>>> print(open('upload.cif').read())   # mmCIF, C-alpha atoms
data_entry
loop_
_atom_site.label_atom_id
_atom_site.label_comp_id
_atom_site.auth_asym_id
_atom_site.auth_seq_id
_atom_site.Cartn_x
_atom_site.Cartn_y
_atom_site.Cartn_z
CA MET B 1 0.00 0.00 0.00
CA GLU B 2 1.13 3.52 -0.79
CA ARG B 3 0.06 6.88 0.61
CA VAL B 4 -3.49 8.12 -0.10
CA CYS B 5 -4.58 11.70 -0.76
CA VAL B 6 -7.87 12.87 0.80
CA ILE B 7 -9.26 16.11 -0.64
CA GLY B 8 -11.38 18.01 1.88
CA ALA B 9 -11.90 17.80 5.65
CA GLY B 10 -15.66 18.19 5.72
CA SER B 11 -17.96 15.50 7.06
CA SER B 12 -17.04 13.01 4.33
CA GLY B 13 -13.32 13.77 4.33
CA ILE B 14 -12.95 13.19 8.06
CA ALA B 15 -14.89 9.94 7.72
CA ALA B 16 -12.30 8.78 5.19
CA CYS B 17 -9.43 9.86 7.45
CA GLN B 18 -10.87 7.92 10.38
CA VAL B 19 -11.31 4.71 8.41
CA LEU B 20 -7.91 4.93 6.71
CA GLY B 21 -6.22 5.61 10.04
CA ALA B 22 -7.99 2.68 11.70
CA ARG B 23 -6.82 0.39 8.87
CA GLY B 24 -3.23 1.58 9.13
CA ILE B 25 -3.30 3.17 5.66
CA GLU B 26 -1.06 6.23 5.31
CA PHE B 27 -2.76 9.37 4.05
CA ASP B 28 -2.49 13.12 3.67
CA CYS B 29 -5.64 15.21 3.93
CA PHE B 30 -5.75 18.68 2.36
CA GLU B 31 -8.25 21.28 3.53
CA THR B 32 -8.63 24.71 1.96
CA GLY B 33 -9.91 26.30 5.18
CA SER B 34 -8.48 26.70 8.68
CA GLU B 35 -10.84 24.22 10.35
CA ILE B 36 -12.66 20.98 9.69
CA GLY B 37 -16.39 20.77 9.09
CA GLY B 38 -16.81 22.00 5.52
CA ASN B 39 -20.38 23.11 4.92
CA TRP B 40 -21.20 22.83 8.61
CA ARG B 41 -18.58 25.41 9.66
CA TYR B 42 -20.46 28.73 9.70
CA LEU B 43 -18.50 31.50 7.96
CA ASN B 44 -15.86 28.94 7.02
CA ASP B 45 -12.79 30.78 5.70
CA ASN B 46 -12.53 28.29 2.85
CA GLY B 47 -15.30 30.41 1.30
CA MET B 48 -17.44 27.39 0.44
CA SER B 49 -19.84 26.97 3.36
CA SER B 50 -23.50 27.68 2.61
CA ALA B 51 -24.55 27.49 6.28
CA TYR B 52 -26.72 30.36 7.51
CA ARG B 53 -26.83 31.59 11.09
CA SER B 54 -30.04 29.79 12.11
CA LEU B 55 -29.34 26.50 10.32
CA HIS B 56 -30.27 23.25 12.06
CA ILE B 57 -29.97 19.78 10.61
CA ASN B 58 -32.99 18.29 8.84
CA THR B 59 -32.05 14.74 9.76
CA SER B 60 -32.10 13.77 13.42
CA ARG B 61 -28.83 13.27 15.27
CA GLN B 62 -29.45 9.52 15.64
CA MET B 63 -29.60 9.25 11.87
CA MET B 64 -26.70 11.60 11.21
CA GLU B 65 -24.07 10.37 13.66
CA PHE B 66 -21.00 8.39 12.70
CA LYS B 67 -21.11 4.74 13.74
CA SER B 68 -17.56 5.03 15.07
CA PHE B 69 -18.43 8.02 17.30
CA PRO B 70 -22.10 8.49 18.30
CA MET B 71 -23.38 11.96 19.07
CA PRO B 72 -23.76 12.70 22.79
CA ALA B 73 -27.28 12.22 24.15
CA ARG B 74 -27.22 15.76 25.58
CA LEU B 75 -27.65 17.16 22.07
CA PRO B 76 -31.19 17.93 20.87
CA ALA B 77 -32.85 15.79 18.23
CA TYR B 78 -32.02 18.40 15.57
CA PRO B 79 -28.74 20.13 16.53
CA SER B 80 -27.60 23.48 15.13
CA HIS B 81 -24.64 23.83 12.78
CA PHE B 82 -22.60 25.13 15.75
CA GLN B 83 -23.24 21.87 17.61
CA ILE B 84 -22.53 19.77 14.52
CA ALA B 85 -19.20 21.56 13.97
CA GLU B 86 -18.30 20.92 17.61
CA TYR B 87 -19.23 17.26 17.17
CA PHE B 88 -16.91 17.01 14.17
CA ASP B 89 -14.10 18.62 16.19
CA ASP B 90 -14.65 16.03 18.93
CA PHE B 91 -14.74 13.24 16.33
CA VAL B 92 -11.32 14.23 14.97
CA LYS B 93 -9.89 14.69 18.47
CA HIS B 94 -11.26 11.32 19.60
CA HIS B 95 -9.69 9.48 16.66
CA GLY B 96 -6.49 11.52 16.87
CA PHE B 97 -5.74 12.51 13.28
CA ARG B 98 -5.96 16.32 13.27
CA ASP B 99 -2.18 16.52 12.77
CA ARG B 100 -2.61 14.58 9.51
CA ILE B 101 -4.72 17.36 7.98
CA ARG B 102 -2.92 20.15 6.15
CA PHE B 103 -5.08 23.22 6.65
CA ARG B 104 -5.20 26.27 4.37
CA THR B 105 -3.91 24.05 1.59
CA GLU B 106 -5.84 24.01 -1.66
CA VAL B 107 -5.64 21.17 -4.16
CA THR B 108 -5.23 22.84 -7.54
CA SER B 109 -4.64 19.86 -9.82
CA VAL B 110 -5.00 16.08 -9.93
CA SER B 111 -3.75 14.19 -12.97
CA VAL B 112 -2.82 10.65 -13.91
CA ALA B 113 0.86 9.85 -13.30
CA PRO B 114 3.04 6.72 -13.29
CA GLY B 115 2.21 4.82 -10.13
CA GLY B 116 -1.00 6.71 -9.41
CA TYR B 117 -1.97 10.38 -9.44
CA SER B 118 0.03 13.57 -9.32
CA VAL B 119 -1.53 16.00 -6.85
CA THR B 120 -0.54 19.68 -6.79
CA THR B 121 -1.38 21.80 -3.77
CA ARG B 122 -1.06 25.51 -3.01
CA ASP B 123 -0.45 27.04 0.40
CA ARG B 124 -3.10 29.76 0.74
CA ASP B 125 -0.85 31.91 2.94
CA THR B 126 2.48 31.72 1.11
CA GLY B 127 1.33 30.74 -2.39
CA GLU B 128 3.88 27.93 -2.45
CA GLU B 129 2.95 25.03 -4.74
CA ILE B 130 3.99 21.44 -4.06
CA SER B 131 3.36 18.31 -6.13
CA GLY B 132 3.42 14.69 -5.03
CA VAL B 133 2.34 11.30 -6.35
CA TYR B 134 -0.28 9.23 -4.52
CA SER B 135 -1.39 5.70 -5.28
CA SER B 136 -5.01 6.65 -4.59
CA VAL B 137 -7.03 9.85 -4.34
CA ILE B 138 -10.27 10.25 -2.39
CA VAL B 139 -12.26 13.28 -3.56
CA ALA B 140 -14.41 14.62 -0.72
CA ASN B 141 -14.85 18.28 -1.62
CA GLY B 142 -18.66 18.22 -1.33
CA HIS B 143 -21.38 19.17 -3.78
CA HIS B 144 -23.14 22.06 -2.02
CA TRP B 145 -20.64 24.85 -2.53
CA SER B 146 -20.73 25.87 -6.22
CA PRO B 147 -24.00 27.85 -6.67
CA ARG B 148 -26.16 27.18 -9.71
CA MET B 149 -28.13 30.18 -10.92
CA PRO B 150 -31.28 29.70 -13.04
CA GLU B 151 -30.50 28.02 -16.36
CA PRO B 152 -31.29 29.62 -18.70
CA ALA B 153 -31.35 33.02 -17.03
CA PHE B 154 -34.72 34.76 -16.91
CA PRO B 155 -35.18 37.30 -19.70
CA GLY B 156 -35.40 40.99 -18.98
CA SER B 157 -33.54 43.17 -16.51
CA PHE B 158 -33.93 43.80 -12.79
CA ASP B 159 -33.11 46.99 -10.89
CA GLY B 160 -32.83 45.37 -7.46
CA GLU B 161 -30.46 42.83 -5.88
CA GLN B 162 -30.12 39.25 -7.05
CA MET B 163 -28.32 36.64 -4.95
CA HIS B 164 -28.00 32.90 -4.56
CA ALA B 165 -29.05 31.20 -1.33
CA HIS B 166 -25.42 30.15 -0.86
CA PHE B 167 -24.64 33.69 0.29
CA TYR B 168 -27.58 34.08 2.68
CA LYS B 169 -26.47 34.27 6.33
CA THR B 170 -28.95 36.35 8.41
CA PRO B 171 -32.29 38.06 7.67
CA GLU B 172 -31.50 41.56 8.95
CA ARG B 173 -30.39 42.88 5.56
CA PHE B 174 -33.91 42.22 4.24
CA ALA B 175 -35.70 44.38 6.82
CA ASP B 176 -38.56 46.38 5.30
CA LYS B 177 -37.78 45.08 1.79
CA LYS B 178 -39.95 43.14 -0.63
CA VAL B 179 -38.27 39.77 -0.99
CA LEU B 180 -38.81 37.05 -3.58
CA VAL B 181 -37.48 33.59 -2.75
CA LEU B 182 -37.38 31.22 -5.73
CA GLY B 183 -37.50 27.52 -4.92
CA ILE B 184 -39.30 25.04 -2.68
CA GLY B 185 -36.37 23.08 -1.23
CA ASN B 186 -35.15 23.20 2.35
CA SER B 187 -33.10 26.38 1.98
CA ALA B 188 -35.91 28.18 0.16
CA CYS B 189 -38.40 27.40 2.90
CA ASP B 190 -35.99 28.39 5.68
CA ILE B 191 -35.06 31.67 3.98
CA ALA B 192 -38.68 32.56 3.17
CA VAL B 193 -39.69 31.90 6.78
CA GLU B 194 -36.84 33.99 8.19
CA THR B 195 -37.15 36.94 5.84
CA SER B 196 -40.92 37.04 6.33
CA ARG B 197 -40.35 38.03 9.94
CA VAL B 198 -38.53 41.24 9.01
CA SER B 199 -39.48 42.05 5.41
CA ALA B 200 -42.20 44.34 4.13
CA ARG B 201 -43.42 41.36 2.13
CA THR B 202 -42.09 37.92 1.20
CA PHE B 203 -43.04 35.95 -1.91
CA LEU B 204 -42.22 32.27 -2.40
CA ALA B 205 -42.20 31.23 -6.06
CA MET B 206 -41.76 27.70 -7.43
CA ARG B 207 -41.86 25.69 -10.64
CA ARG B 208 -43.70 22.76 -9.09
CA GLY B 209 -45.22 21.70 -5.80
CA ALA B 210 -43.35 19.74 -3.15
CA HIS B 211 -44.26 17.44 -0.31
CA ILE B 212 -43.61 19.34 2.93
CA MET B 213 -42.42 17.05 5.71
CA PRO B 214 -42.56 18.06 9.39
CA LYS B 215 -39.58 17.34 11.60
CA TYR B 216 -41.78 15.34 13.94
CA LEU B 217 -44.57 12.86 13.29
CA PHE B 218 -46.47 11.35 16.20
CA GLY B 219 -43.90 12.57 18.69
CA MET B 220 -40.82 11.16 16.95
CA PRO B 221 -38.35 12.60 14.43
CA THR B 222 -39.88 11.98 11.02
CA ASP B 223 -36.70 10.53 9.50
CA HIS B 224 -36.91 7.62 11.95
CA LEU B 225 -39.50 6.32 9.51
CA THR B 226 -36.66 5.67 7.05
CA THR B 227 -35.26 2.97 9.35
CA SER B 228 -38.61 1.62 10.57
CA PRO B 229 -39.81 -1.92 9.75
CA LEU B 230 -42.00 -0.33 7.08
CA ALA B 231 -38.95 1.11 5.33
CA ARG B 232 -36.93 -2.07 5.77
CA PHE B 233 -39.40 -4.60 4.47
CA ALA B 234 -42.35 -2.92 2.70
CA PRO B 235 -42.30 -2.32 -1.08
CA ALA B 236 -41.79 1.25 -2.23
CA TRP B 237 -45.45 1.76 -3.22
CA LEU B 238 -46.63 0.79 0.27
CA GLN B 239 -44.04 3.04 1.91
CA ALA B 240 -45.20 5.98 -0.21
CA LEU B 241 -48.88 5.26 0.50
CA SER B 242 -48.25 5.04 4.24
CA VAL B 243 -46.21 8.24 4.43
CA ARG B 244 -48.81 10.10 2.37
CA ALA B 245 -51.57 8.96 4.73
CA MET B 246 -49.60 10.01 7.81
CA LEU B 247 -48.85 13.43 6.34
CA ARG B 248 -52.51 13.97 5.41
CA LEU B 249 -53.49 13.22 9.01
CA ALA B 250 -50.74 15.42 10.45
CA ARG B 251 -51.13 18.54 8.29
CA GLY B 252 -54.03 18.15 5.87
CA LYS B 253 -53.84 19.20 2.21
CA LEU B 254 -51.08 21.54 1.06
CA SER B 255 -53.56 23.43 -1.10
CA ASP B 256 -55.31 24.52 2.11
CA TYR B 257 -52.19 26.58 2.84
CA GLY B 258 -52.03 28.07 -0.65
CA LEU B 259 -49.34 25.73 -1.96
CA PRO B 260 -49.77 23.78 -5.20
CA GLU B 261 -50.40 20.09 -4.70
CA PRO B 262 -47.37 18.09 -5.92
CA SER B 263 -47.91 16.27 -9.19
CA HIS B 264 -45.29 13.64 -8.31
CA GLY B 265 -45.25 10.84 -5.77
CA ILE B 266 -44.06 11.44 -2.24
CA LEU B 267 -40.86 9.44 -2.75
CA ALA B 268 -40.25 10.75 -6.27
CA ALA B 269 -38.38 13.87 -5.19
CA HIS B 270 -36.01 14.90 -2.45
CA PRO B 271 -38.16 15.81 0.57
CA THR B 272 -38.58 19.36 1.85
CA VAL B 273 -38.52 19.47 5.66
CA SER B 274 -40.09 22.44 7.43
CA ASP B 275 -42.17 22.89 10.56
CA ASP B 276 -42.47 26.65 10.14
CA LEU B 277 -43.48 27.21 6.51
CA LEU B 278 -47.10 26.12 6.83
CA THR B 279 -47.58 28.27 9.92
CA ARG B 280 -46.20 31.37 8.19
CA LEU B 281 -48.43 30.68 5.21
CA GLY B 282 -51.39 30.30 7.52
CA HIS B 283 -50.54 33.66 9.09
CA GLY B 284 -50.44 35.29 5.66
CA ASP B 285 -46.79 36.29 6.12
CA ILE B 286 -45.67 34.54 2.90
CA THR B 287 -47.39 34.82 -0.47
CA VAL B 288 -47.10 31.81 -2.80
CA LYS B 289 -46.45 32.46 -6.48
CA PRO B 290 -45.79 30.29 -9.56
CA ASN B 291 -42.46 30.36 -11.37
CA LEU B 292 -41.02 33.55 -12.84
CA THR B 293 -41.31 34.21 -16.56
CA ARG B 294 -39.26 37.40 -16.79
CA LEU B 295 -37.55 40.20 -14.89
CA ASP B 296 -39.25 43.54 -15.27
CA GLY B 297 -37.26 46.51 -13.97
CA SER B 298 -38.46 47.13 -10.43
CA GLY B 299 -40.28 43.82 -10.29
CA VAL B 300 -40.94 40.43 -11.82
CA VAL B 301 -43.67 38.78 -13.86
CA PHE B 302 -44.94 35.32 -12.90
CA ALA B 303 -46.29 32.44 -14.96
CA ASP B 304 -49.90 33.35 -14.08
CA GLY B 305 -49.39 36.80 -15.61
CA SER B 306 -49.27 38.66 -12.29
CA ARG B 307 -46.54 41.19 -11.57
CA GLU B 308 -45.03 42.26 -8.26
CA ASP B 309 -42.51 44.91 -7.29
CA VAL B 310 -39.61 43.37 -5.36
CA ASP B 311 -36.32 44.63 -4.00
CA VAL B 312 -34.39 41.38 -3.68
CA ILE B 313 -34.51 38.00 -5.43
CA VAL B 314 -32.98 35.02 -3.60
CA TYR B 315 -32.37 32.12 -5.98
CA CYS B 316 -32.57 28.78 -4.17
CA THR B 317 -31.74 26.91 -7.35
CA GLY B 318 -29.27 24.35 -6.11
CA TYR B 319 -25.61 23.64 -6.76
CA LYS B 320 -23.31 22.38 -9.47
CA VAL B 321 -21.22 19.25 -9.04
CA ASP B 322 -17.81 20.81 -9.49
CA PHE B 323 -14.23 19.55 -9.31
CA PRO B 324 -12.02 22.50 -10.31
CA PHE B 325 -8.87 20.44 -9.78
CA LEU B 326 -9.91 17.76 -12.30
CA SER B 327 -9.55 18.33 -16.02
CA SER B 328 -12.80 17.62 -17.86
CA ALA B 329 -10.80 16.19 -20.76
CA GLU B 330 -8.96 13.74 -18.52
CA PHE B 331 -11.88 12.89 -16.23
CA PRO B 332 -15.07 13.08 -18.34
CA ALA B 333 -17.02 10.76 -16.02
CA VAL B 334 -17.49 13.60 -13.50
CA SER B 335 -17.59 16.57 -15.84
CA SER B 336 -21.26 16.75 -16.87
CA SER B 337 -22.92 20.15 -16.79
CA ASP B 338 -26.18 18.41 -15.82
CA ASN B 339 -24.76 17.03 -12.54
CA GLU B 340 -24.77 13.50 -13.95
CA VAL B 341 -21.69 11.52 -12.96
CA SER B 342 -20.72 8.07 -14.21
CA LEU B 343 -19.47 6.31 -11.09
CA TYR B 344 -19.77 2.67 -10.10
CA ARG B 345 -21.82 2.45 -6.89
CA ARG B 346 -21.61 6.30 -6.85
CA VAL B 347 -17.91 6.07 -5.87
CA VAL B 348 -15.58 4.55 -8.51
CA ASP B 349 -14.63 5.93 -11.93
CA PRO B 350 -14.22 2.74 -14.01
CA ALA B 351 -11.65 4.42 -16.25
CA HIS B 352 -9.41 5.53 -13.36
CA PRO B 353 -8.55 2.86 -10.79
CA GLY B 354 -7.55 4.38 -7.47
CA LEU B 355 -9.71 7.49 -7.89
CA TYR B 356 -12.68 7.54 -5.51
CA PHE B 357 -15.50 10.04 -4.90
CA LEU B 358 -16.82 10.22 -1.37
CA GLY B 359 -20.16 11.67 -0.29
CA LEU B 360 -21.18 12.44 -3.87
CA ILE B 361 -24.72 11.30 -3.16
CA GLN B 362 -28.05 12.86 -2.19
CA PRO B 363 -29.65 10.42 0.25
CA LEU B 364 -33.21 10.17 1.48
CA GLY B 365 -31.70 10.38 4.96
CA ALA B 366 -28.35 11.49 6.37
CA ILE B 367 -25.13 11.45 4.36
CA MET B 368 -22.58 10.94 7.17
CA PRO B 369 -23.21 7.24 7.93
CA LEU B 370 -23.23 6.53 4.19
CA ALA B 371 -19.92 8.34 3.66
CA GLU B 372 -18.54 6.25 6.52
CA ALA B 373 -19.76 3.07 4.80
CA GLN B 374 -18.30 4.24 1.47
CA SER B 375 -14.97 4.83 3.23
CA GLU B 376 -14.92 1.26 4.53
CA TRP B 377 -15.43 -0.06 1.00
CA ILE B 378 -12.76 2.25 -0.40
CA ALA B 379 -10.35 1.07 2.30
CA ASP B 380 -11.10 -2.52 1.27
CA LEU B 381 -10.10 -1.70 -2.31
CA ILE B 382 -6.97 0.22 -1.31
CA SER B 383 -5.77 -2.45 1.10
CA GLY B 384 -6.50 -5.36 -1.24
CA ARG B 385 -9.26 -6.86 0.90
CA GLY B 386 -11.61 -6.42 -2.02
CA THR B 387 -11.45 -5.95 -5.76
CA LEU B 388 -13.70 -4.39 -8.37
CA PRO B 389 -15.66 -6.21 -11.08
CA SER B 390 -14.78 -5.82 -14.74
CA VAL B 391 -15.17 -2.46 -16.46
CA PRO B 392 -18.17 -3.67 -18.54
CA GLU B 393 -19.91 -4.83 -15.36
CA MET B 394 -19.29 -1.45 -13.69
CA LYS B 395 -20.61 0.44 -16.72
CA ALA B 396 -23.71 -1.77 -16.77
CA GLU B 397 -24.41 -0.91 -13.12
CA ILE B 398 -24.05 2.81 -13.86
CA THR B 399 -26.54 2.54 -16.72
CA SER B 400 -28.98 0.61 -14.54
CA TYR B 401 -28.72 3.22 -11.78
CA ARG B 402 -29.47 6.06 -14.20
CA GLU B 403 -32.48 4.23 -15.61
CA THR B 404 -33.80 3.71 -12.09
CA LEU B 405 -33.44 7.41 -11.32
CA ARG B 406 -35.29 8.39 -14.48
CA ARG B 407 -38.18 6.04 -13.69
CA ARG B 408 -38.55 7.08 -10.06
CA TYR B 409 -37.62 10.73 -9.64
CA VAL B 410 -38.77 14.05 -11.00
CA LYS B 411 -36.52 15.09 -13.90
CA SER B 412 -34.20 17.66 -12.35
CA LYS B 413 -30.50 18.39 -11.84
CA ARG B 414 -31.26 17.94 -8.15
CA HIS B 415 -32.12 14.26 -8.57
CA THR B 416 -29.05 12.92 -10.38
CA LEU B 417 -27.32 11.70 -7.21
CA GLU B 418 -30.23 10.27 -5.21
CA VAL B 419 -29.94 7.12 -3.10
CA ASP B 420 -32.18 5.50 -0.50
CA PHE B 421 -30.57 5.42 2.92
CA LEU B 422 -31.19 1.76 3.78
CA GLY B 423 -31.05 0.49 0.21
CA TYR B 424 -27.67 2.10 -0.43
CA GLN B 425 -26.26 0.76 2.84
CA ARG B 426 -27.27 -2.74 1.76
CA GLU B 427 -25.80 -2.12 -1.70
CA LEU B 428 -22.41 -1.23 -0.20
CA GLN B 429 -22.48 -4.21 2.16
CA GLU B 430 -23.21 -6.57 -0.72
CA GLU B 431 -20.48 -4.97 -2.83
CA ARG B 432 -17.94 -5.43 -0.05
CA ARG B 433 -18.84 -9.12 0.24
CA ALA B 434 -18.65 -9.58 -3.52
CA GLY B 435 -15.33 -7.72 -3.68
CA ALA B 436 -13.84 -9.97 -1.01
CA ALA B 437 -15.03 -13.05 -2.93
CA ARG B 438 -13.41 -11.77 -6.15
CA ARG B 439 -9.90 -11.63 -4.61
#
>>> encode(input="upload.cif", output="structure tokens")
Amino acid sequence: MERVCVIGAGSSGIAACQVLGARGIEFDCFETGSEIGGNWRYLNDNGMSSAYRSLHINTSRQMMEFKSFPMPARLPAYPSHFQIAEYFDDFVKHHGFRDRIRFRTEVTSVSVAPGGYSVTTRDRDTGEEISGVYSSVIVANGHHWSPRMPEPAFPGSFDGEQMHAHFYKTPERFADKKVLVLGIGNSACDIAVETSRVSARTFLAMRRGAHIMPKYLFGMPTDHLTTSPLARFAPAWLQALSVRAMLRLARGKLSDYGLPEPSHGILAAHPTVSDDLLTRLGHGDITVKPNLTRLDGSGVVFADGSREDVDVIVYCTGYKVDFPFLSSAEFPAVSSSDNEVSLYRRVVDPAHPGLYFLGLIQPLGAIMPLAEAQSEWIADLISGRGTLPSVPEMKAEITSYRETLRRRYVKSKRHTLEVDFLGYQRELQEERRAGAARR
């Protein structure tokens, strides 16, 4: 075994470091910022965190915690980003690998080289560049840091301020302004709720309806349903029917709050989790609108023909999958502008042995335990405990995965990386067993 390069010390990167360290595999971890935590480090000086001041997790701590280091029971069911960042600090301290992370060190280039991959890094303080060769590279730079603006851009011009949700931190700057929030995902709902408390008026516009999930159902965190016997053993249609029935009992019809009823199934899109949105709608503090059609000077025009004056537009339009250190010509499998990546089991590029992508998934559940499970499989491959199938077999699995996504999920750049929490865990376990048998 040779030394491994880990890119990023966010939640997925530190999971990789822990597993590699426990297996006795030598590694270097490079982190652009001064601290660990990635997206969960508020005002992270790596410039890539999209956390806002009031952010809390949307998956409960029992679902989010690492298997190798459970979250303390003193934490609430849905901790804040401050508490999550502290948990990550404790995780690294507990496993004792902080000194293996090179902070304020940006990876600028990864390319194929004899014996593995040449990795070039730049010291953010001195500008010094250093290159080294690693037998394997684990890419864990996240996929919620490169903002995607509306594509194509809306026609017309706008006199006010336009910003992406990535740059939203606190609501004070929106006091007494007319705010338009575009989107119906988790960030859109949170930002609309917060701005509505200080703004002159808040509009929430969307292309399609969404199923709004509460954080609690029948006194328990809602995401516990994803590990219930129903989720483990019932077919998908029965799971969807049961969740729909429970939501109807808990909150009634979304159209009663002024929201459009979703045209897709409840498990056919990434869920939107919000306890506050429906209340603010019921209070009349947020006005629901359809999608924009054009910008119009001091305001915007919507798909129903209505027009409203607004001062600020907040685009909650998602993120691009972006690897600025990888050449698109050399690594086409992860260079799609549509966020589609061609990776075996969402991790392995069949054309580049030894190159692994960690946490590049969008689970119906928490990502941290899945990144931990991915790291165990990657460590199997690096250490020789397991091997990969043939390239044709890997490509066939990638094709099958894409076909499954197209059948199940709403067509959107947001749903190109989706996995089911329990199903993907089982998939990785089965792959590890098969890999060991192939040795």
>>> resolve_selection(input="upload.cif", expression="the PyMOL selection byres ((chain B and resi 305) around 12)", output="ChimeraX atom specification")
/B:289-294,300-304,306-308
>>> residues_around(input="upload.cif", residues="Pro76 of chain B", least_positions_apart="5", cutoff="12 Å", atoms="only C-alpha atoms", output="list in words")
His56, Ile57, Thr59, Ser60, Arg61, Gln62, Met71, His81, Gln83, Ile84 and Pro221 of chain B
>>> closest_residue(input="upload.cif", among="B:Asp223, B:Glu106, B:Glu261, B:Asp176", to="Leu364 of chain B", atoms="all atoms listed in the file")
B:Asp223
>>> closest_residue(input="upload.cif", among="B:Leu238, B:Ile313, B:Lys253, B:Val110", to="Met163 of chain B", atoms="only C-alpha atoms")
B:Ile313
>>> residues_around(input="upload.cif", residues="Asp420 of chain B", least_positions_apart="5", cutoff="9 Å", atoms="all atoms listed in the file", output="PyMOL selection string")
chain B and resi 226+362-365+425
>>> resolve_selection(input="upload.cif", expression="the PyMOL selection byres ((chain B and resi 29-33) around 10)", output="VMD selection string")
chain B and resid 4 to 10 13 to 14 16 to 17 27 to 28 34 to 38 41 44 to 48 97 to 107 121 to 124 137 to 138 140 to 141
>>> atom_distance(input="upload.cif", atom1="atom CA of Glu86 of chain B", atom2="atom CA of Ser11 of chain B")
11.9 Å
>>> closest_residue(input="upload.cif", among="B:Gly142, B:Pro152, B:Gly423, B:Gly132", to="Gly115 of chain B", atoms="all atoms listed in the file")
B:Gly132
>>> resolve_selection(input="upload.cif", expression="the PyMOL selection byres ((chain B and resi 170) around 12)", output="list in words")
Tyr42, Leu43, Ser50, Ala51, Tyr52, Arg53, Ser54, Leu55, Ala165, His166, Phe167, Tyr168, Lys169, Pro171, Glu172, Arg173, Phe174, Ala175, Asp190, Ile191, Ala192, Val193, Glu194, Thr195, Arg197 and Val198 of chain B
>>> atom_distance(input="upload.cif", atom1="atom CA of Val273 of chain B", atom2="atom CA of Asn186 of chain B")
6.0 Å
